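Below: the structure, in structure tokens.
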Amino acid sequence: VKILRFLQERVSERVGSNTPIELDVRIIAATNSDLAEKIKTGSFREDLYYRLSVIQIAVPPLREREGDVLLLANYFLNKYRKDAAGDIKGFTKEAKDLLTAYNWPGNVRELENKVRRAVILSNEPLITAGDLGFSRQDKESFRNEALSLKKARSNLETALIKKALHKTKGNVSIAAKILGITRPTLYDLMKKYKISEY
């Protein structure tokens with residue numbers, strides 16, 4: 001209750017005092033949880049959400065940021081190059097392919113750790129898939145996934161739905177018209193791909 005009052009009125013009181021003190025602050029909060037879903041299930045306070053949610057910046061997971069993986073991988077390579085045993089110049093083509101094909105459940109932190117590990121372990125000028133910790137099974141499964149029509153379709157549908165919702169500022173009816181589908185169909189697809197409204 002005190003936090004809610006503070007967020008609303010920007011006023012606080014010292015312990016043992018009843019004199020309010022006005023504070024000029026900005027609150028920055030971050031989460032990897034779907035707060036809208038947590039509000040529905042009652043595991044997050046709705047009033048707290050609306051006091052915090054003045055400006056929202058959605059940062060998509062690494063797997064949805066096409067092109068960012070290699071940029072970040074090179075950034076981390078340069079960052080940890082001093083730890084290398086030899087002179088590492090970059091990544092092999094296979095390593096680059098696997099970096100972009102991998103799903104990155106651990107997001108940017110996982111990528112940083114893989115690159116750092118590879119820099120420390122590699123004795124060659126180019127970091128290999130093995131240096132990054134990718135096994136033969138990983139390589140095979142990534143190749144099969146790259147050939148999966150079903151996966152490609154789901155990726156495309158997800159990207160188009162998100163783009164339409166972003167363009168319409170979350171208006172599902174207009175987004176459905178842009179996509180050429182009915183509103184119920186769009187809701188079904190959003191549920192299927194776990195896409196929350198804008």
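Identifiers in the structure tokens: chain A, B, ... in order shown; residue index from 1 per chain; ligand index from 1 in order shown.
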* Contacts of A:Leu165 at 7 Å (only C-alpha atoms; same-chain gap of 5+ positions) as a list in words -> Gly170, Asn171, Val172, Ala175 and Tyr198 of chain A
Saved selection, atoms kept: N, CA, C and O atoms, as an mmCIF file, in the first residue's frame:
data_model
loop_
_atom_site.group_PDB
_atom_site.id
_atom_site.type_symbol
_atom_site.label_atom_id
_atom_site.label_comp_id
_atom_site.auth_asym_id
_atom_site.auth_seq_id
_atom_site.Cartn_x
_atom_site.Cartn_y
_atom_site.Cartn_z
ATOM 1 N N GLY A 170 -2.367 -2.234 -31.147
ATOM 2 C CA GLY A 170 -3.102 -3.259 -30.414
ATOM 3 C C GLY A 170 -4.558 -3.412 -30.783
ATOM 4 O O GLY A 170 -5.271 -4.196 -30.164
ATOM 5 N N ASN A 171 -5.030 -2.699 -31.812
ATOM 6 C CA ASN A 171 -6.430 -2.829 -32.232
ATOM 7 C C ASN A 171 -6.578 -4.129 -33.034
ATOM 8 O O ASN A 171 -6.178 -4.211 -34.193
ATOM 9 N N VAL A 172 -7.153 -5.139 -32.391
ATOM 10 C CA VAL A 172 -7.231 -6.475 -32.990
ATOM 11 C C VAL A 172 -8.115 -6.485 -34.234
ATOM 12 O O VAL A 172 -7.805 -7.151 -35.222
ATOM 13 N N ALA A 175 -6.156 -4.908 -37.075
ATOM 14 C CA ALA A 175 -5.030 -5.811 -37.389
ATOM 15 C C ALA A 175 -5.527 -7.007 -38.190
ATOM 16 O O ALA A 175 -4.883 -7.439 -39.149
ATOM 17 N N TYR A 198 -0.998 -5.565 -27.841
ATOM 18 C CA TYR A 198 -0.004 -4.469 -27.812
ATOM 19 C C TYR A 198 -0.095 -3.707 -26.503
ATOM 20 O O TYR A 198 -1.129 -3.406 -26.021
#
* For A:Ala58, which residue among A:Ile178, A:Arg116, A:Phe134, A:Ser33 is the nearest when counting only C-alpha atoms? ->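 Once distances to A:Ala58 are computed over only C-alpha atoms, the minimum belongs to A:Ser33.
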* To do: Could you tell me how far atom CA of A:Thr185 lies from atom CA of A:Leu35, in Å and to one decimal?
  =>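 One can read the atom CA of A:Thr185 to atom CA of A:Leu35 distance as 23.7 Å.
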* **Picked from chain A by DSSP as helix (DSSP H, G or I), as a ChimeraX atom specification** => /A:2-9,35-41,46-52,62-64,68-83,93-101,107-121,136-146,149-167,172-179,183-192
* Asked: Closest to A:Ala101 among A:Leu121, A:Ala30, A:Leu62, A:Leu160, using only C-alpha atoms?
  ->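 Smallest distance to A:Ala101 is found for A:Leu62.
Minimum distance to A:Pro60 across A:Val108, A:Val119, A:Ala164, A:Leu189 (counting only C-alpha atoms) occurs at A:Val108.
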* Contact residues around A:Pro105 with only C-alpha atoms at 10 Å, ignoring same-chain residues under 5 positions, as a count of residues only -> 5
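Among the candidates A:Ile39, A:Gly106, A:Ile174, A:Thr158, the one nearest to A:Tyr193 when counting only C-alpha atoms is A:Thr158.
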* Within 10 Å of A:Arg5, counting only C-alpha atoms, which residues qualify if same-chain residues fewer than 6 places away don't, as number ranges by chain? -> A: 11-12, 48, 51
Could you write out the selected residues, including C-alpha atoms, as an mmCIF file, in the first residue's frame?
data_model
loop_
_atom_site.group_PDB
_atom_site.id
_atom_site.type_symbol
_atom_site.label_atom_id
_atom_site.label_comp_id
_atom_site.auth_asym_id
_atom_site.auth_seq_id
_atom_site.Cartn_x
_atom_site.Cartn_y
_atom_site.Cartn_z
ATOM 1 C CA VAL A 11 5.432 11.467 -1.505
ATOM 2 C CA SER A 12 7.206 9.566 1.286
ATOM 3 C CA LEU A 48 0.482 -1.691 -9.197
ATOM 4 C CA ARG A 51 0.961 2.796 -11.677
#
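Nearest to A:Ile88 of all the residues A:Ile127, A:Leu186, A:Val115, A:Ile55 is A:Ile127, counting only C-alpha atoms.
Remark: for A:Glu94, the closest of the candidate residues A:Tyr80, A:Thr128, A:Arg65, A:Asn123 is A:Thr128 (distances computed over only C-alpha atoms).
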* Residue set, stretch 2-190 of chain A restricted to strand (DSSP E or B), as a ChimeraX atom specification -> /A:11-13,20-22,90-91,126-127
Only all heavy atoms, please: the residues just picked out, written as a short mmCIF file (atom, residue, chain, number, x, y, z; two decimals), in the first residue's frame.
data_model
loop_
_atom_site.label_atom_id
_atom_site.label_comp_id
_atom_site.auth_asym_id
_atom_site.auth_seq_id
_atom_site.Cartn_x
_atom_site.Cartn_y
_atom_site.Cartn_z
N VAL A 11 5.23 10.93 -2.85
CA VAL A 11 5.43 11.47 -1.51
C VAL A 11 5.83 10.32 -0.58
O VAL A 11 5.30 9.22 -0.69
CB VAL A 11 4.13 12.14 -0.99
CG1 VAL A 11 4.22 12.42 0.50
CG2 VAL A 11 3.87 13.43 -1.74
N SER A 12 6.78 10.58 0.33
CA SER A 12 7.21 9.57 1.29
C SER A 12 7.33 10.20 2.67
O SER A 12 7.37 11.43 2.80
CB SER A 12 8.54 8.98 0.84
OG SER A 12 8.95 7.96 1.73
N GLU A 13 7.40 9.37 3.69
CA GLU A 13 7.60 9.86 5.05
C GLU A 13 8.74 9.09 5.70
O GLU A 13 8.84 7.87 5.53
CB GLU A 13 6.32 9.67 5.88
CG GLU A 13 5.18 10.56 5.46
CD GLU A 13 3.88 10.22 6.18
OE1 GLU A 13 3.89 9.38 7.10
OE2 GLU A 13 2.84 10.80 5.79
N PRO A 20 5.24 14.67 5.28
CA PRO A 20 5.48 14.13 3.93
C PRO A 20 6.62 14.84 3.21
O PRO A 20 6.79 16.04 3.35
CB PRO A 20 4.14 14.36 3.22
CG PRO A 20 3.47 15.44 3.97
CD PRO A 20 3.99 15.42 5.37
N ILE A 21 7.41 14.07 2.48
CA ILE A 21 8.52 14.60 1.69
C ILE A 21 8.24 14.32 0.22
O ILE A 21 8.03 13.17 -0.17
CB ILE A 21 9.86 13.93 2.08
CG1 ILE A 21 10.14 14.11 3.57
CG2 ILE A 21 11.01 14.47 1.26
CD1 ILE A 21 11.24 13.21 4.09
N GLU A 22 8.22 15.36 -0.58
CA GLU A 22 8.00 15.19 -2.02
C GLU A 22 9.30 14.74 -2.68
O GLU A 22 10.36 15.30 -2.40
CB GLU A 22 7.51 16.49 -2.66
CG GLU A 22 6.07 16.82 -2.30
CD GLU A 22 5.52 17.97 -3.12
OE1 GLU A 22 6.06 18.25 -4.20
OE2 GLU A 22 4.55 18.60 -2.66
N GLY A 90 37.62 -14.19 -35.56
CA GLY A 90 36.18 -14.24 -35.80
C GLY A 90 35.62 -15.64 -35.62
O GLY A 90 36.15 -16.43 -34.84
N PHE A 91 34.55 -15.95 -36.39
CA PHE A 91 33.86 -17.23 -36.29
C PHE A 91 33.89 -17.95 -37.63
O PHE A 91 33.88 -17.32 -38.69
CB PHE A 91 32.38 -16.99 -35.91
CG PHE A 91 32.20 -16.28 -34.61
CD1 PHE A 91 32.12 -14.89 -34.56
CD2 PHE A 91 32.09 -16.99 -33.42
CE1 PHE A 91 31.94 -14.22 -33.36
CE2 PHE A 91 31.91 -16.32 -32.22
CZ PHE A 91 31.85 -14.93 -32.19
N LEU A 126 39.87 -18.81 -35.81
CA LEU A 126 38.42 -18.71 -35.94
C LEU A 126 37.73 -19.62 -34.94
O LEU A 126 38.10 -20.79 -34.79
CB LEU A 126 37.96 -19.08 -37.36
CG LEU A 126 38.43 -18.15 -38.50
CD1 LEU A 126 37.97 -18.70 -39.84
CD2 LEU A 126 37.93 -16.73 -38.30
N ILE A 127 36.73 -19.10 -34.26
CA ILE A 127 35.96 -19.88 -33.28
C ILE A 127 35.06 -20.86 -34.02
O ILE A 127 34.35 -20.48 -34.96
CB ILE A 127 35.13 -18.95 -32.38
CG1 ILE A 127 36.06 -18.18 -31.45
CG2 ILE A 127 34.08 -19.71 -31.58
CD1 ILE A 127 35.38 -17.10 -30.63
#
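Note that the spacing between atom CA of A:Ala159 and atom CA of A:Gly133 amounts to 29.1 Å.
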